[in-house]
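Listing of my_file19.tsv, TSV, C-alpha atoms
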chain	number	residue	atom	x	y	z
F	1	MET	CA	0.00	0.00	0.00
F	2	ALA	CA	1.40	3.36	-1.00
F	3	ARG	CA	2.17	5.84	1.74
F	4	SER	CA	0.07	9.06	1.65
F	5	GLY	CA	1.83	12.48	1.63
F	6	ILE	CA	1.83	15.19	4.27
F	7	GLN	CA	-1.48	17.14	4.32
F	8	TYR	CA	-2.12	20.71	5.35
F	9	SER	CA	-3.97	19.56	8.42
F	10	ASP	CA	-0.92	17.60	9.58
F	11	VAL	CA	1.26	20.68	9.23
F	12	GLN	CA	-1.36	22.82	11.05
F	13	GLN	CA	-1.48	20.35	13.97
F	14	ALA	CA	2.32	20.32	14.17
F	15	ILE	CA	2.35	24.16	14.25
F	16	ASP	CA	-0.24	24.16	17.05
F	17	THR	CA	1.90	21.70	18.98
F	18	LEU	CA	4.97	23.93	18.57
F	19	LEU	CA	3.06	27.07	19.60
F	20	ALA	CA	1.68	25.26	22.65
F	21	ARG	CA	5.25	24.39	23.67
F	22	GLY	CA	6.30	28.02	23.12
F	23	ASP	CA	8.56	27.20	20.15
F	24	THR	CA	8.70	29.25	16.98
F	25	PRO	CA	7.38	27.25	14.00
F	26	SER	CA	9.85	26.48	11.26
F	27	VAL	CA	10.13	23.93	8.47
F	28	GLN	CA	12.78	21.92	10.34
F	29	ARG	CA	10.83	21.88	13.63
F	30	ILE	CA	7.56	20.97	11.87
F	31	ARG	CA	9.32	18.03	10.19
F	32	GLU	CA	10.76	16.97	13.58
F	33	VAL	CA	7.23	16.95	15.05
F	34	LEU	CA	5.79	15.04	12.09
F	35	GLY	CA	8.76	12.70	11.82
F	36	THR	CA	8.47	12.53	8.03
F	37	GLY	CA	7.67	14.58	4.93
F	38	SER	CA	9.71	16.45	2.35
F	39	PHE	CA	10.96	19.96	3.06
F	40	THR	CA	9.29	21.26	-0.13
F	41	THR	CA	5.79	20.04	0.83
F	42	ILE	CA	6.14	21.22	4.45
F	43	SER	CA	7.42	24.60	3.26
F	44	GLU	CA	4.39	25.06	0.94
F	45	HIS	CA	1.88	24.17	3.73
F	46	PHE	CA	3.75	26.42	6.17
F	47	ARG	CA	3.60	29.34	3.69
F	48	LEU	CA	-0.16	28.73	3.24
F	49	TRP	CA	-0.64	28.73	7.03
F	50	ARG	CA	1.17	32.08	7.29
F	51	THR	CA	-1.01	33.54	4.52
F	52	GLU	CA	-4.22	32.42	6.23
F	53	ARG	CA	-3.00	33.75	9.57
F	54	GLU	CA	-2.36	37.18	8.02
F	55	GLN	CA	-5.80	37.17	6.39
F	56	ASN	CA	-7.61	36.16	9.62
F	57	ARG	CA	-5.80	38.67	11.76
F	58	ASP	CA	-8.41	41.39	11.28
F	59	VAL	CA	-11.51	39.09	11.46
F	60	PRO	CA	-14.02	40.32	14.09
F	61	PRO	CA	-14.53	38.15	17.16
F	62	PRO	CA	-17.36	35.58	17.12
F	63	LYS	CA	-20.78	36.44	18.44
F	64	GLY	CA	-21.62	35.64	22.02
F	65	VAL	CA	-18.31	36.82	23.41
F	66	PRO	CA	-18.78	39.38	26.20
F	67	GLU	CA	-17.87	42.94	25.27
F	68	VAL	CA	-15.57	43.22	28.27
F	69	VAL	CA	-13.60	40.21	27.08
F	70	VAL	CA	-13.45	41.66	23.59
F	71	ASN	CA	-12.25	45.03	24.91
F	72	VAL	CA	-9.68	43.41	27.15
F	73	ALA	CA	-8.48	41.19	24.32
F	74	SER	CA	-8.36	44.18	21.94
F	75	GLU	CA	-6.46	46.25	24.49
F	76	LEU	CA	-4.06	43.39	25.11
F	77	TRP	CA	-3.72	42.88	21.38
F	78	ARG	CA	-3.04	46.61	20.84
F	79	GLU	CA	-0.49	46.72	23.66
F	80	ALA	CA	1.15	43.57	22.39
F	81	GLN	CA	1.29	45.05	18.89
F	82	GLU	CA	2.80	48.29	20.23
F	83	VAL	CA	5.41	46.39	22.24
F	84	ALA	CA	6.16	44.17	19.29
F	85	ASN	CA	6.33	47.14	16.94
F	86	GLN	CA	8.64	49.00	19.33
F	87	ALA	CA	10.88	45.96	19.73
F	88	LEU	CA	10.78	45.36	15.99
F	89	ALA	CA	11.62	49.04	15.30
F	90	HIS	CA	14.48	48.86	17.79
F	91	TYR	CA	15.75	45.62	16.27
F	92	ARG	CA	15.32	47.06	12.77
F	93	GLU	CA	17.25	50.22	13.67
F	94	ASP	CA	20.01	48.16	15.27
F	95	ALA	CA	20.06	45.76	12.31
F	96	ASN	CA	20.05	48.66	9.84
F	97	ARG	CA	22.96	50.29	11.67
F	98	GLN	CA	24.90	47.05	11.65
F	99	VAL	CA	24.09	46.47	7.99
F	100	GLU	CA	25.08	50.04	7.07
F	101	SER	CA	28.30	49.70	9.08
F	102	ALA	CA	29.05	46.35	7.44
F	103	GLN	CA	28.26	47.79	4.00
F	104	GLN	CA	30.46	50.82	4.67
F	105	GLU	CA	33.30	48.60	5.88
F	106	ALA	CA	32.78	46.33	2.87
F	107	ALA	CA	32.89	49.38	0.55
F	108	GLU	CA	36.08	50.56	2.25
F	109	ALA	CA	37.54	47.07	1.93
F	110	LEU	CA	36.54	46.98	-1.75
F	111	GLN	CA	38.14	50.41	-2.26
F	112	GLN	CA	41.29	49.25	-0.49
F	113	ALA	CA	41.29	46.09	-2.59
F	114	ALA	CA	40.82	48.17	-5.77
F	115	ASN	CA	43.64	50.51	-4.71
F	116	ALA	CA	45.83	47.54	-3.91
F	117	GLU	CA	45.00	46.00	-7.29
F	118	GLN	CA	45.86	49.29	-9.04
F	119	ARG	CA	49.12	49.53	-7.11
F	120	GLU	CA	49.86	45.90	-7.86
F	121	SER	CA	49.10	46.51	-11.55
F	122	ALA	CA	51.38	49.57	-11.62
F	123	LEU	CA	54.06	47.69	-9.75
F	124	ALA	CA	53.69	44.71	-12.07
F	125	GLU	CA	54.06	47.03	-15.08
F	126	HIS	CA	57.09	48.68	-13.52
F	127	LEU	CA	58.49	45.27	-12.66
F	128	ARG	CA	57.89	44.11	-16.23
F	129	HIS	CA	59.80	47.12	-17.59
F	130	THR	CA	62.53	46.51	-15.04
F	131	GLU	CA	62.73	42.84	-16.02
F	132	GLN	CA	62.92	43.84	-19.69
F	133	ARG	CA	65.64	46.31	-18.86
F	134	LEU	CA	67.40	43.72	-16.75
F	135	GLU	CA	67.16	41.22	-19.61
F	136	ALA	CA	68.65	43.83	-21.95
F	137	LEU	CA	71.42	44.49	-19.46
F	138	HIS	CA	71.96	40.74	-19.12
F	139	ARG	CA	72.29	40.57	-22.89
F	140	GLU	CA	74.69	43.50	-22.81
F	141	LEU	CA	76.57	41.82	-20.00
F	142	GLY	CA	76.67	38.60	-22.04
F	143	GLU	CA	78.02	40.52	-24.98
F	144	SER	CA	80.51	42.30	-22.71
F	145	GLN	CA	81.54	38.97	-21.24
F	146	THR	CA	81.89	37.63	-24.77
F	147	HIS	CA	84.06	40.63	-25.68
F	148	GLU	CA	85.90	40.19	-22.44
F	149	ARG	CA	86.57	36.54	-23.18
F	150	HIS	CA	87.70	37.58	-26.66
F	151	TRP	CA	90.04	40.21	-25.27
F	152	GLN	CA	91.18	37.80	-22.58
F	153	GLN	CA	91.97	35.32	-25.31
F	154	GLN	CA	93.77	38.10	-27.17
F	155	ALA	CA	95.56	39.01	-23.96
F	156	GLU	CA	96.50	35.40	-23.36
F	157	LYS	CA	97.69	35.21	-26.96
F	158	VAL	CA	99.70	38.40	-26.47
F	159	ALA	CA	101.04	37.05	-23.18
F	160	GLN	CA	102.07	33.87	-24.97
F	161	GLU	CA	103.70	35.99	-27.68
F	162	VAL	CA	105.46	38.02	-24.97
F	163	ILE	CA	106.65	34.80	-23.37
F	164	HIS	CA	107.77	33.63	-26.80
F	165	TYR	CA	109.59	36.95	-27.40
F	166	ARG	CA	111.17	36.74	-23.98
F	167	GLU	CA	112.32	33.25	-24.74
F	168	GLN	CA	113.74	34.51	-28.04
F	169	LEU	CA	115.36	37.42	-26.17
F	170	ASP	CA	116.80	35.02	-23.62
F	171	GLN	CA	118.03	32.79	-26.41
F	172	ALA	CA	119.52	35.80	-28.20
F	173	GLN	CA	121.18	36.96	-24.97
F	174	ARG	CA	122.48	33.46	-24.33
F	175	ALA	CA	123.70	33.26	-27.96
F	176	LEU	CA	125.31	36.68	-27.59
F	177	LYS	CA	126.95	35.63	-24.37
F	178	THR	CA	128.09	32.41	-26.01
F	179	ASP	CA	129.45	34.37	-28.98
F	180	GLN	CA	131.23	36.78	-26.64
F	181	GLN	CA	132.70	33.90	-24.70
F	182	ARG	CA	133.67	32.09	-27.89
F	183	PHE	CA	135.15	35.31	-29.30
F	184	SER	CA	137.09	35.85	-26.10
F	185	GLU	CA	138.32	32.29	-26.21
F	186	GLN	CA	139.20	32.64	-29.88
F	187	GLN	CA	140.89	35.96	-29.22
F	188	ALA	CA	142.82	34.45	-26.31
F	189	ALA	CA	143.73	31.46	-28.45
F	190	GLN	CA	144.76	33.72	-31.32
F	191	GLN	CA	146.71	35.90	-28.90
F	192	THR	CA	148.43	32.84	-27.53
F	193	ALA	CA	149.06	31.58	-31.02
F	194	TRP	CA	150.34	34.95	-32.09
F	195	GLU	CA	152.54	35.22	-29.07
F	196	GLN	CA	153.87	31.76	-29.71
F	197	ARG	CA	154.30	32.56	-33.34
F	198	LEU	CA	155.98	35.85	-32.41
F	199	ALA	CA	158.31	34.10	-30.03
F	200	GLN	CA	159.15	31.59	-32.68
F	201	GLU	CA	159.72	34.34	-35.17
F	202	GLU	CA	161.90	36.22	-32.69
F	203	GLN	CA	163.83	33.09	-31.98
F	204	ARG	CA	163.98	32.18	-35.62
F	205	ASN	CA	165.14	35.47	-36.94
F	206	GLU	CA	165.47	38.74	-35.29
F	207	ALA	CA	165.94	40.20	-38.72
F	208	SER	CA	162.31	39.55	-39.57
F	209	GLU	CA	161.11	42.08	-36.98
F	210	GLY	CA	159.71	44.34	-39.67
F	211	LYS	CA	157.69	41.50	-41.11
F	212	LEU	CA	156.44	40.59	-37.67
F	213	MET	CA	155.36	44.17	-36.99
F	214	ALA	CA	153.46	44.23	-40.25
F	215	LEU	CA	151.80	40.96	-39.25
F	216	LEU	CA	150.90	42.41	-35.84
F	217	ASP	CA	149.36	45.46	-37.49
F	218	THR	CA	147.27	43.20	-39.72
F	219	LEU	CA	146.12	41.15	-36.76
F	220	ARG	CA	145.23	44.28	-34.82
F	221	GLN	CA	143.19	45.60	-37.73
F	222	GLU	CA	141.35	42.29	-38.02
F	223	ARG	CA	140.70	42.27	-34.30
F	224	ALA	CA	139.37	45.84	-34.42
F	225	GLN	CA	137.03	44.92	-37.29
F	226	GLU	CA	135.75	41.86	-35.44
F	227	GLU	CA	135.16	43.90	-32.26
F	228	LYS	CA	133.32	46.52	-34.29
F	229	ALA	CA	131.11	43.86	-35.92
F	230	LEU	CA	130.41	42.26	-32.52
F	231	GLN	CA	129.53	45.67	-31.04
F	232	LYS	CA	127.12	46.37	-33.91
F	233	ARG	CA	125.48	42.98	-33.48
F	234	LEU	CA	125.12	43.54	-29.73
F	235	GLN	CA	123.50	46.94	-30.36
F	236	GLN	CA	121.00	45.34	-32.75
F	237	TRP	CA	120.06	42.76	-30.10
F	238	GLU	CA	119.59	45.52	-27.52
F	239	GLN	CA	117.34	47.50	-29.87
F	240	ARG	CA	115.24	44.42	-30.55
F	241	ALA	CA	114.96	43.72	-26.81
F	242	GLU	CA	113.83	47.34	-26.21
F	243	ALA	CA	111.16	47.06	-28.93
F	244	LEU	CA	109.86	43.82	-27.39
F	245	THR	CA	109.74	45.49	-23.96
F	246	LYS	CA	107.67	48.41	-25.33
F	247	GLU	CA	105.27	46.02	-27.07
F	248	LEU	CA	104.89	44.03	-23.83
F	249	GLN	CA	104.08	47.23	-21.94
F	250	GLN	CA	101.38	48.14	-24.51
F	251	LYS	CA	99.81	44.68	-24.17
F	252	ASN	CA	99.80	44.99	-20.37
F	253	ASP	CA	98.11	48.42	-20.62
F	254	ALA	CA	95.42	46.96	-22.89
F	255	ILE	CA	94.81	44.10	-20.44
F	256	HIS	CA	94.50	46.59	-17.55
F	257	HIS	CA	91.97	48.64	-19.55
F	258	TYR	CA	89.85	45.55	-20.28
F	259	GLN	CA	89.93	44.60	-16.59
F	260	GLN	CA	88.66	48.07	-15.60
F	261	GLU	CA	85.77	47.83	-18.10
F	262	ASN	CA	84.87	44.38	-16.78
F	263	SER	CA	84.86	45.71	-13.19
F	264	ALA	CA	82.49	48.56	-14.22
F	265	HIS	CA	80.10	46.06	-15.89
F	266	GLN	CA	80.13	43.86	-12.80
F	267	GLN	CA	79.35	46.84	-10.54
F	268	ARG	CA	76.45	47.89	-12.79
F	269	LEU	CA	75.03	44.36	-12.77
F	270	THR	CA	75.26	44.27	-8.94
F	271	GLU	CA	73.31	47.53	-8.67
F	272	LEU	CA	70.61	46.25	-11.04
F	273	GLU	CA	70.24	43.01	-9.07
F	274	ARG	CA	69.91	45.01	-5.83
F	275	HIS	CA	67.24	47.24	-7.43
F	276	ASN	CA	65.38	44.13	-8.67
F	277	ALA	CA	65.46	42.68	-5.13
F	278	GLU	CA	63.97	45.94	-3.75
F	279	LEU	CA	61.18	45.82	-6.37
F	280	LEU	CA	60.40	42.20	-5.46
F	281	THR	CA	60.23	43.19	-1.76
F	282	GLN	CA	57.78	46.00	-2.57
F	283	ARG	CA	55.68	43.61	-4.63
F	284	ASN	CA	55.51	41.10	-1.75
F	285	GLU	CA	54.46	43.90	0.66
F	286	LEU	CA	51.68	45.03	-1.71
F	287	GLN	CA	50.54	41.41	-2.16
F	288	ALA	CA	50.36	41.05	1.66
F	289	SER	CA	48.29	44.28	1.86
F	290	LEU	CA	45.95	42.95	-0.85
F	291	ASP	CA	45.55	39.66	1.02
F	292	LYS	CA	44.68	41.55	4.22
F	293	ALA	CA	42.12	43.69	2.37
F	294	THR	CA	40.58	40.57	0.79
F	295	GLN	CA	40.41	38.87	4.20
F	296	ALA	CA	38.76	41.96	5.72
F	297	LEU	CA	36.22	41.99	2.86
F	298	GLU	CA	35.40	38.32	3.43
F	299	THR	CA	35.00	39.04	7.18
F	300	HIS	CA	32.57	41.89	6.46
F	301	GLN	CA	30.63	39.71	4.05
F	302	GLN	CA	30.37	36.99	6.72
F	303	GLN	CA	29.15	39.60	9.23
F	304	ALA	CA	26.54	40.75	6.72
F	305	ARG	CA	25.37	37.15	6.25
F	306	ASP	CA	25.21	36.71	10.07
F	307	SER	CA	23.13	39.91	10.27
F	308	ASP	CA	20.68	38.49	7.69
F	309	HIS	CA	20.40	35.29	9.75
F	310	TRP	CA	19.73	37.32	12.89
F	311	GLN	CA	16.95	39.27	11.12
F	312	GLU	CA	15.37	35.96	10.01
F	313	GLN	CA	15.37	34.78	13.66
F	314	LEU	CA	13.80	38.09	14.73
F	315	TRP	CA	11.03	37.68	12.14
F	316	GLN	CA	10.38	34.13	13.40
F	317	ARG	CA	10.08	35.43	16.98
F	318	MET	CA	7.69	38.15	15.81
F	319	ALA	CA	5.65	35.51	13.95
F	320	SER	CA	5.45	33.40	17.14
F	321	LEU	CA	4.36	36.41	19.18
F	322	GLN	CA	1.71	37.34	16.61
F	323	ALA	CA	0.46	33.73	16.56
F	324	GLN	CA	0.09	33.76	20.34
F	325	LEU	CA	-1.74	37.09	20.17
F	326	ALA	CA	-3.98	35.68	17.41
F	327	ASP	CA	-4.88	32.68	19.63
F	328	LEU	CA	-5.58	34.93	22.64
F	329	PRO	CA	-9.29	35.63	21.70
F	330	ASN	CA	-9.97	31.91	21.32
F	331	THR	CA	-8.42	31.27	24.71
F	332	LEU	CA	-10.48	34.00	26.27
F	333	ILE	CA	-13.66	32.62	24.60
F	334	SER	CA	-12.91	29.15	25.96
F	335	SER	CA	-12.43	30.59	29.45
F	336	SER	CA	-15.69	32.52	29.18
F	337	ASP	CA	-17.59	29.40	28.10
F	338	ASP	CA	-16.21	27.44	31.03
F	339	THR	CA	-17.27	30.22	33.42
F	340	SER	CA	-20.79	30.39	32.04
F	341	ASP	CA	-21.19	26.63	32.35
F	342	THR	CA	-20.28	26.74	36.01
F	343	LYS	CA	-22.81	29.51	36.71
F	344	LYS	CA	-25.91	27.69	35.23
F	345	PRO	CA	-28.43	26.50	37.94
F	346	SER	CA	-28.93	22.81	38.34
F	347	ARG	CA	-32.38	21.46	37.55

Is it possible to express this structure as structure tokens?
Amino acid sequence: MARSGIQYSDVQQAIDTLLARGDTPSVQRIREVLGTGSFTTISEHFRLWRTEREQNRDVPPPKGVPEVVVNVASELWREAQEVANQALAHYREDANRQVESAQQEAAEALQQAANAEQRESALAEHLRHTEQRLEALHRELGESQTHERHWQQQAEKVAQEVIHYREQLDQAQRALKTDQQRFSEQQAAQQTAWEQRLAQEEQRNEASEGKLMALLDTLRQERAQEEKALQKRLQQWEQRAEALTKELQQKNDAIHHYQQENSAHQQRLTELERHNAELLTQRNELQASLDKATQALETHQQQARDSDHWQEQLWQRMASLQAQLADLPNTLISSSDDTSDTKKPSR
């Protein structure tokens, strides 16, 4: 057998039960009293009950009710409405103030968030330009490093050439020294030979002194020519060594100039990296400010939602109070009927 759905009468009985217990009717509480039923069906019946209650609020009291009871009930109803209206006005003013404050704070938070977004956008744009500039400087630095490596290679090549020239100079100096030593040895040997030959000639014939003198003059002239040739050769080697020394000094000056340029490029790169670090720090600070503003906005939104929930609870309390006031004439009628029954004479 199929199970029947929740009827309006069931919902009305559950509402009466809740009002009798002093609880405010709601969809959840009605379903707890019934123990079954869908929220959609209960919500429709509950809305219909509210509509009927609003329509029956101004219905005149039934006939037979004493005028005093009606006046008392009307006075009580009026006082209850005034108290409820005053409380509702107070709650509305308080709720409106809280809502306006929350809206103002939310607007301020939104403005702060917008300002933070604008600042972040400007900072991002500035950071993008800085990164582009830094990339260009990196490229320039790469090119400078490439030129530096090229000039270092040239410097190394020049240094190797200088070492080669020095080796040649050392070899030339050693050869010159060897030639000087060999010339000295040859000269000493020739001198010894000449002296021996002169002694032999003197011993052999003193009459050949003229011939010997002529031979000595010839040997002296040959020696003078050889010394002159050796002196000229030594001067040439000294000139070549001086030219190599000047060229080495020029290469060293060029290497020093390249080192100074490299130091300037390194200093410029260090400054740019420091500036980039400062920009990143500023960006992190602005991001933290934006996060705080976003968190404050979410907090204000949550407060606004809590305020809406509080207003819904206030309306439910007002509905309960109005329901009790609406049931007050019936209660008074029931009390009046009971009193009249007790006053009838017994037959």

- Item | Best match for closeness to Ile42 (chain F) among F:Glu148, F:Asp94, F:Glu201, F:Asp10, counting only C-alpha atoms | F:Asp10

- Task: Name all residues at most 7 Å from Tyr165 (chain F) (count only C-alpha atoms; drop same-chain ones fewer than 4 positions away) and give them as a ChimeraX atom specification.
- Result: /F:161,169,244

For the residues selected in the previous step, produce a file with C-alpha atoms as a PDB file, in the frame of the given file.
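The resulting selection16.pdb:
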ATOM      1  CA  GLU F 161     103.700  35.990 -27.680  1.00  0.00           C
ATOM      2  CA  LEU F 169     115.360  37.420 -26.170  1.00  0.00           C
ATOM      3  CA  LEU F 244     109.860  43.820 -27.390  1.00  0.00           C
TER       4      LEU F 244
END

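Atom pair CA of Gln235 (chain F) / CA of Glu185 (chain F) has a distance of 21.2 Å (rounded to one decimal).
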
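Non-sequential neighbours of Val33 (chain F) (distance at most 9 Å, separation of 6 or more positions within a chain, all atoms listed in the file) are Ala14, Ile15, Thr17 and Leu18 of chain F.
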
- Write out as a ChimeraX atom specification each polymer residue whose atoms come within 9 Å of Ala293 (chain F), counting only C-alpha atoms; drop sequence neighbours fewer than 3 positions from it. /F:109-110,112-113,116,288-290,296-298

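Computed from the coordinates, the CA of His256 (chain F) to CA of Arg166 (chain F) distance equals 20.4 Å.
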
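Among the candidate residues F:Ala107, F:Val158, F:Ala114, F:Leu127, the one lying nearest to Gln250 (chain F) is F:Val158, with distances computed using all atoms listed in the file.
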
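We find CA of Gln180 (chain F) and CA of Gln236 (chain F) to be spaced 14.7 Å apart.
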